[in-house]
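The structure file data37.txt is reproduced below (compact mmCIF, C-alpha atoms).
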```
# COMPACT_ATOMS: atom_id res chain seq x y z
CA MET A 23 135.38 62.53 112.65
CA GLY A 24 134.12 63.04 109.13
CA ILE A 25 136.15 62.57 105.95
CA LEU A 26 136.39 66.35 105.49
CA ALA A 27 137.41 67.17 109.05
CA GLY A 28 139.58 70.27 109.00
CA LYS A 29 138.96 70.93 105.29
CA ARG A 30 138.05 74.37 103.96
CA ILE A 31 135.66 74.14 101.03
CA LEU A 32 134.20 76.69 98.60
CA VAL A 33 130.90 75.59 97.02
CA THR A 34 129.72 77.73 94.11
CA GLY A 35 126.30 77.90 92.53
CA VAL A 36 124.02 77.40 95.52
CA THR A 37 120.41 78.33 94.78
CA ALA A 38 117.39 76.61 96.34
CA THR A 39 117.47 73.65 98.71
CA SER A 40 116.93 71.45 95.65
CA SER A 41 120.23 72.52 94.08
CA ILE A 42 123.03 69.99 93.95
CA ALA A 43 125.38 72.60 95.40
CA PHE A 44 123.15 72.98 98.47
CA HIS A 45 123.34 69.25 99.17
CA ILE A 46 127.11 69.25 98.63
CA ALA A 47 127.45 72.04 101.20
CA ARG A 48 125.18 70.13 103.60
CA ILE A 49 127.09 66.88 103.41
CA ALA A 50 130.49 68.61 103.42
CA GLN A 51 129.56 70.28 106.70
CA ASP A 52 128.23 67.00 108.09
CA GLU A 53 131.63 65.50 107.24
CA GLY A 54 133.48 68.19 109.19
CA ALA A 55 134.32 70.85 106.60
CA GLN A 56 134.22 74.60 106.99
CA VAL A 57 132.15 75.78 104.05
CA VAL A 58 131.67 79.06 102.19
CA VAL A 59 129.10 79.18 99.40
CA THR A 60 128.46 81.50 96.47
CA SER A 61 125.44 82.60 94.49
CA PHE A 62 124.50 85.68 92.49
CA GLY A 63 121.77 87.76 90.92
CA ARG A 64 118.16 86.83 91.49
CA ALA A 65 119.24 83.47 92.94
CA LEU A 66 121.14 85.17 95.75
CA SER A 67 118.08 85.91 97.88
CA VAL A 68 116.87 82.33 97.40
CA ALA A 69 120.31 81.03 98.38
CA ARG A 70 120.39 83.20 101.51
CA ARG A 71 117.15 81.59 102.65
CA ALA A 72 118.30 78.11 101.69
CA VAL A 73 121.55 78.18 103.67
CA THR A 74 119.70 79.03 106.87
CA ARG A 75 118.63 75.38 106.73
CA LEU A 76 122.25 74.35 107.26
CA GLU A 77 123.96 74.05 110.65
CA PRO A 78 126.01 76.10 110.98
CA THR A 79 124.77 78.59 108.40
CA PRO A 80 127.73 79.07 106.03
CA PRO A 81 128.85 82.51 104.86
CA ILE A 82 127.63 83.39 101.37
CA ILE A 83 129.55 85.43 98.81
CA GLU A 84 128.05 87.00 95.70
CA LEU A 85 129.94 85.69 92.67
CA ASP A 86 129.06 86.32 89.05
CA VAL A 87 131.73 84.51 87.04
CA THR A 88 131.28 86.96 84.17
CA ASP A 89 132.22 89.89 86.45
CA PRO A 90 136.01 90.40 86.52
CA GLY A 91 135.74 92.57 89.64
CA GLN A 92 133.96 89.89 91.64
CA LEU A 93 136.43 87.24 90.49
CA ALA A 94 139.34 89.47 91.47
CA ALA A 95 137.85 90.00 94.92
CA LEU A 96 137.04 86.34 95.55
CA ALA A 97 140.40 85.21 96.97
CA GLY A 98 140.49 88.03 99.49
CA GLN A 99 136.94 87.33 100.64
CA VAL A 100 137.54 83.60 100.99
CA GLU A 101 140.89 84.11 102.72
CA GLY A 102 139.22 86.39 105.24
CA LEU A 103 136.66 83.71 106.01
CA LEU A 104 138.66 80.47 105.76
CA GLY A 105 142.34 81.42 105.52
CA GLY A 106 142.86 79.08 102.56
CA LEU A 107 141.18 76.34 100.54
CA ASP A 108 141.35 72.57 100.46
CA GLY A 109 138.54 72.17 97.96
CA VAL A 110 136.48 74.01 95.36
CA VAL A 111 133.18 72.90 93.84
CA HIS A 112 132.26 74.30 90.43
CA SER A 113 128.47 74.07 90.12
CA ILE A 114 127.82 76.85 87.61
CA ALA A 115 126.06 76.61 84.24
CA PHE A 116 123.73 78.61 82.05
CA ALA A 117 122.31 78.56 78.53
CA ASN A 118 119.38 80.67 77.39
CA PRO A 119 116.44 78.25 77.29
CA GLU A 120 114.64 80.41 74.73
CA THR A 121 117.42 80.33 72.14
CA ALA A 122 120.00 77.67 72.97
CA LEU A 123 117.90 74.73 74.19
CA GLY A 124 114.83 72.83 73.07
CA GLY A 125 115.75 71.87 69.52
CA LYS A 126 117.03 75.27 68.40
CA PHE A 127 120.61 74.08 67.97
CA LEU A 128 120.99 75.02 64.30
CA THR A 129 119.51 78.49 64.74
CA THR A 130 121.30 79.59 67.91
CA GLU A 131 123.36 82.71 67.26
CA TRP A 132 126.95 83.10 68.49
CA PRO A 133 126.22 85.58 71.33
CA ASP A 134 124.03 82.96 73.05
CA VAL A 135 126.56 80.20 72.35
CA GLU A 136 129.30 82.41 73.79
CA VAL A 137 127.33 82.91 77.01
CA ALA A 138 126.73 79.17 77.40
CA LEU A 139 130.39 78.32 76.86
CA ARG A 140 131.74 81.08 79.06
CA VAL A 141 129.44 80.54 82.03
CA SER A 142 129.33 76.75 81.87
CA ALA A 143 132.88 75.82 80.79
CA TYR A 144 135.41 78.67 80.72
CA SER A 145 134.24 79.70 84.20
CA LEU A 146 136.09 76.67 85.58
CA VAL A 147 139.33 78.25 84.38
CA GLU A 148 138.35 81.65 85.80
CA LEU A 149 137.31 80.15 89.13
CA THR A 150 140.51 78.11 89.34
CA ARG A 151 142.64 81.17 88.55
CA ALA A 152 140.83 83.18 91.23
CA CYS A 153 141.25 80.48 93.88
CA LYS A 154 144.72 79.23 92.96
CA PRO A 155 146.62 81.42 95.47
CA LEU A 156 144.61 79.83 98.29
CA LEU A 157 144.82 76.18 97.26
CA ALA A 158 146.68 73.99 99.72
CA PRO A 159 148.81 71.03 98.53
CA GLY A 160 146.49 68.09 97.98
CA ALA A 161 143.50 70.34 97.29
CA SER A 162 140.66 69.07 95.11
CA ILE A 163 138.54 70.83 92.49
CA VAL A 164 135.31 69.13 91.44
CA SER A 165 132.88 70.23 88.74
CA LEU A 166 129.44 68.92 87.80
CA THR A 167 128.55 67.74 84.32
CA PHE A 168 125.83 65.85 82.46
CA ASP A 169 127.44 63.30 80.16
CA GLY A 170 128.93 65.39 77.37
CA ALA A 171 129.95 62.29 75.40
CA MET A 172 126.58 62.10 73.61
CA THR A 173 123.60 64.18 72.57
CA TRP A 174 120.42 64.49 74.64
CA PRO A 175 116.94 65.67 73.60
CA GLY A 176 116.59 69.44 73.94
CA TYR A 177 119.96 69.84 75.69
CA ASP A 178 121.61 71.33 72.61
CA TRP A 179 124.21 74.01 73.38
CA MET A 180 124.29 73.13 77.05
CA GLY A 181 125.39 69.68 75.94
CA VAL A 182 128.22 71.26 73.96
CA ALA A 183 129.11 73.41 76.97
CA LYS A 184 129.22 70.36 79.24
CA ALA A 185 131.48 68.55 76.76
CA ALA A 186 133.73 71.60 76.82
CA LEU A 187 133.64 71.65 80.63
CA GLU A 188 134.80 68.05 80.76
CA SER A 189 137.73 68.85 78.46
CA VAL A 190 138.56 72.00 80.43
CA SER A 191 138.57 69.92 83.62
CA ARG A 192 141.14 67.54 82.13
CA TYR A 193 143.40 70.41 81.05
CA VAL A 194 143.15 72.13 84.42
CA ALA A 195 144.12 68.78 85.96
CA ARG A 196 147.17 68.68 83.68
CA TYR A 197 148.37 72.13 84.68
CA LEU A 198 147.64 71.89 88.41
CA GLY A 199 148.96 68.35 88.85
CA PRO A 200 152.54 69.48 89.56
CA ALA A 201 151.19 71.55 92.46
CA GLY A 202 149.49 68.46 93.90
CA VAL A 203 145.96 69.70 93.11
CA ARG A 204 143.43 67.15 91.87
CA VAL A 205 140.73 68.11 89.34
CA ASN A 206 137.80 65.85 88.52
CA ALA A 207 134.17 65.97 87.40
CA ILE A 208 131.02 64.19 88.49
CA SER A 209 128.60 63.23 85.72
CA ALA A 210 125.20 62.97 87.39
CA GLY A 211 121.89 61.72 86.12
CA PRO A 212 118.96 64.15 85.78
CA LEU A 213 117.96 65.76 89.09
CA ASP A 214 114.99 67.95 89.91
CA THR A 215 116.70 71.33 90.19
CA LEU A 216 115.81 74.84 89.03
CA ALA A 217 118.31 74.38 86.21
CA LYS A 218 116.60 71.21 85.02
CA SER A 219 113.19 72.90 85.04
CA ALA A 220 114.48 75.29 82.36
CA ILE A 221 115.36 72.45 79.97
CA PRO A 222 112.64 71.67 77.41
CA ASP A 223 111.83 67.96 77.19
CA ALA A 224 113.49 67.22 80.52
CA ASP A 225 110.75 64.66 81.13
CA VAL A 226 112.26 62.62 78.29
CA LEU A 227 115.48 62.36 80.28
CA ASP A 228 113.54 61.12 83.30
CA GLU A 229 112.02 58.39 81.16
CA VAL A 230 115.43 57.31 79.86
CA TRP A 231 116.68 56.95 83.42
CA ARG A 232 113.50 55.19 84.51
CA GLN A 233 114.08 52.54 81.87
CA ARG A 234 117.86 52.21 81.86
CA ALA A 235 119.26 52.97 85.33
CA LEU A 236 120.59 49.60 86.49
CA LEU A 237 120.55 50.71 90.13
CA GLY A 238 117.37 52.75 89.77
CA TRP A 239 117.30 56.53 89.81
CA ASP A 240 115.37 59.04 91.91
CA PRO A 241 115.49 62.50 90.26
CA GLY A 242 114.39 64.02 93.56
CA ASP A 243 117.39 62.72 95.49
CA ALA A 244 120.63 64.69 95.05
CA THR A 245 122.35 62.93 97.95
CA PRO A 246 124.19 60.25 95.92
CA THR A 247 125.67 62.93 93.66
CA ALA A 248 126.60 65.16 96.59
CA LYS A 249 128.24 62.25 98.42
CA ALA A 250 130.40 61.51 95.38
CA VAL A 251 131.55 65.12 95.21
CA VAL A 252 132.38 65.09 98.91
CA ALA A 253 134.33 61.85 98.46
CA LEU A 254 136.45 63.47 95.73
CA LEU A 255 137.02 66.48 97.97
CA SER A 256 138.36 64.19 100.67
CA ASP A 257 141.78 62.53 100.91
CA TRP A 258 140.32 59.17 99.87
CA PHE A 259 141.15 59.72 96.17
CA PRO A 260 144.74 60.94 96.50
CA LYS A 261 145.88 59.88 93.02
CA THR A 262 142.70 60.43 90.99
CA THR A 263 142.72 63.43 88.68
CA GLY A 264 141.52 64.35 85.21
CA ASP A 265 138.67 61.88 85.58
CA ILE A 266 134.89 61.88 85.14
CA ILE A 267 133.04 59.82 87.75
CA HIS A 268 129.51 58.79 86.78
CA VAL A 269 126.76 58.93 89.37
CA ASP A 270 123.85 58.02 87.14
CA GLY A 271 122.59 54.63 88.27
CA GLY A 272 124.67 52.96 85.54
CA VAL A 273 122.98 54.54 82.50
CA HIS A 274 126.31 55.52 80.94
CA SER A 275 127.27 51.84 80.74
CA THR A 276 124.12 50.56 79.05
CA GLY A 277 123.06 50.30 75.44
CA PRO A 278 119.93 52.07 74.20
CA GLU A 279 117.82 48.93 74.46
CA ALA A 280 118.97 47.97 77.95
CA ILE A 281 116.21 47.91 80.54
CA ALA A 282 116.88 47.91 84.26
CA PRO A 283 115.87 44.60 85.88
```

Full structure transcribed into structure tokens:
Amino acid sequence: MGILAGKRILVTGVTATSSIAFHIARIAQDEGAQVVVTSFGRALSVARRAVTRLEPTPPIIELDVTDPGQLAALAGQVEGLLGGLDGVVHSIAFANPETALGGKFLTTEWPDVEVALRVSAYSLVELTRACKPLLAPGASIVSLTFDGAMTWPGYDWMGVAKAALESVSRYVARYLGPAGVRVNAISAGPLDTLAKSAIPDADVLDEVWRQRALLGWDPGDATPTAKAVVALLSDWFPKTTGDIIHVDGGVHSTGPEAIAP
């Protein structure tokens, strides 16, 4: 039996087979979970094709976290498919690459900042609120971040949004703790996803990880990150909440001059 045997898991933000969310859904199913995934907009058709690669093919729900109607309908849809929830994965982020990334930090106007913060950080609150009636005691919520403790080339307002997400995650952990719900984040190294392809200068990040990852780092392999998420969804971290777990080959622990052996 897998570590998620009998668990009911909602995985948001599935796009192509390269997406971290896709690999989380894959491993969660391999570990025994019943999985429902979400996607939306132009990515929805890509996600529908991607999930046919999974066995069994999980149900897919359209969810735009900026659409109050879709958020309001989410609990009923998930309840009809799973009956309740033991885990939720928040894998949702967006910042306009033309205005909010790539060195335009000082010229980005508020409407674009607002979108980045709402979709990438506040959506964790909205998703939690939508799913809260279904969360079983001992449930786990896991979000995905990219080290918001420092600046990164070209990451700009998405970096601010990720820092906000990490803080939001801690506050959600505070308020859901009395209900026995754990809330944590995984800080992953750079991975070759559609989201990464929209970040100017992403190749600079790859070079940083090539030089500094103590355990090495393969940007084409999302499995280590997905396994960490699945571990946090399981019962193996029963007293861990409000935390950020790094899955980055050790880069977060090294100084700027450190070179992997």

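CA of Ala158 in chain A lies 19.1 Å from CA of Leu93 in chain A.
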
Would you tabulate, counting all atoms listed in the file, all residues of range 110-202 of chain A that have an atom at most 7 Å from an atom of range 263-269 of chain A, showing the closest pair of atoms and their distance in Å to one decimal, sorted by chain then ascending number, as JSON lines?
```
{"residue": "A:Ser191", "atom": "CA", "partner": "A:Gly264", "partner_atom": "CA", "distance": 6.5}
{"residue": "A:Arg192", "atom": "CA", "partner": "A:Gly264", "partner_atom": "CA", "distance": 4.5}
{"residue": "A:Ala195", "atom": "CA", "partner": "A:Gly264", "partner_atom": "CA", "distance": 5.2}
```

**Message:** Report as a list in words all protein, DNA and RNA residues lying within 12 Å of Asp225 in chain A, evaluated on all atoms listed in the file, omitting residues in the same chain fewer than 3 positions from it.
**Reply:** Trp174, Pro175, Gly176, Tyr177, Pro212, Leu213, Asp214, Lys218, Ser219, Ala220, Ile221, Pro222, Asp228, Glu229, Val230, Trp231, Arg232 and Pro241 of chain A

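For the atom pair formed by CA of Gly170 in chain A and CA of Val194 in chain A, the distance is 17.2 Å, given to one decimal.
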
For Ala250 in chain A, find every residue with an atom within 10 Å (counting all atoms listed in the file), except residues of its own chain fewer than 5 positions away, and show them as a compact mmCIF listing (two decimals) with C-alpha atoms, in the frame of the given file.
```txt
# COMPACT_ATOMS: atom_id res chain seq x y z
CA ILE A 46 127.11 69.25 98.63
CA VAL A 164 135.31 69.13 91.44
CA ALA A 207 134.17 65.97 87.40
CA ILE A 208 131.02 64.19 88.49
CA SER A 209 128.60 63.23 85.72
CA ALA A 210 125.20 62.97 87.39
CA THR A 245 122.35 62.93 97.95
CA LEU A 255 137.02 66.48 97.97
CA SER A 256 138.36 64.19 100.67
CA ILE A 267 133.04 59.82 87.75
CA HIS A 268 129.51 58.79 86.78
CA VAL A 269 126.76 58.93 89.37
```

**Pick from A:Ala152, A:Val205, A:Ala38, A:Val111 nearest to Leu166 in chain A, counting only C-alpha atoms** = A:Val111

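Residues within 6 Å of Ala161 in chain A, counting all atoms listed in the file and excluding same-chain residues fewer than 6 positions away, are A:Asp108, A:Gly109, A:Val203.
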
**Item:** Spatial neighbours of Ala217 in chain A, max dist 12 Å, only C-alpha atoms, sep filter under 4 positions, as an MDAnalysis selection string
**Value:** chainID A and resid 35:38 40:43 65 113:119 168 177 180 212:213 221:222 224

**Request:** Name the closest residue to Phe259 in chain A among the candidates A:Ser162, A:Thr74, A:Gln51, A:Ser61; distances are taken between atoms, counting only C-alpha atoms.
**Result:** A:Ser162

**Prompt:** Near Gly271 in chain A, counting all atoms listed in the file, which residues have an atom at most 7 Å away, once you skip same-chain residues fewer than 5 positions from it, shown as a PyMOL selection string?
**Reply:** chain A and resi 235-239
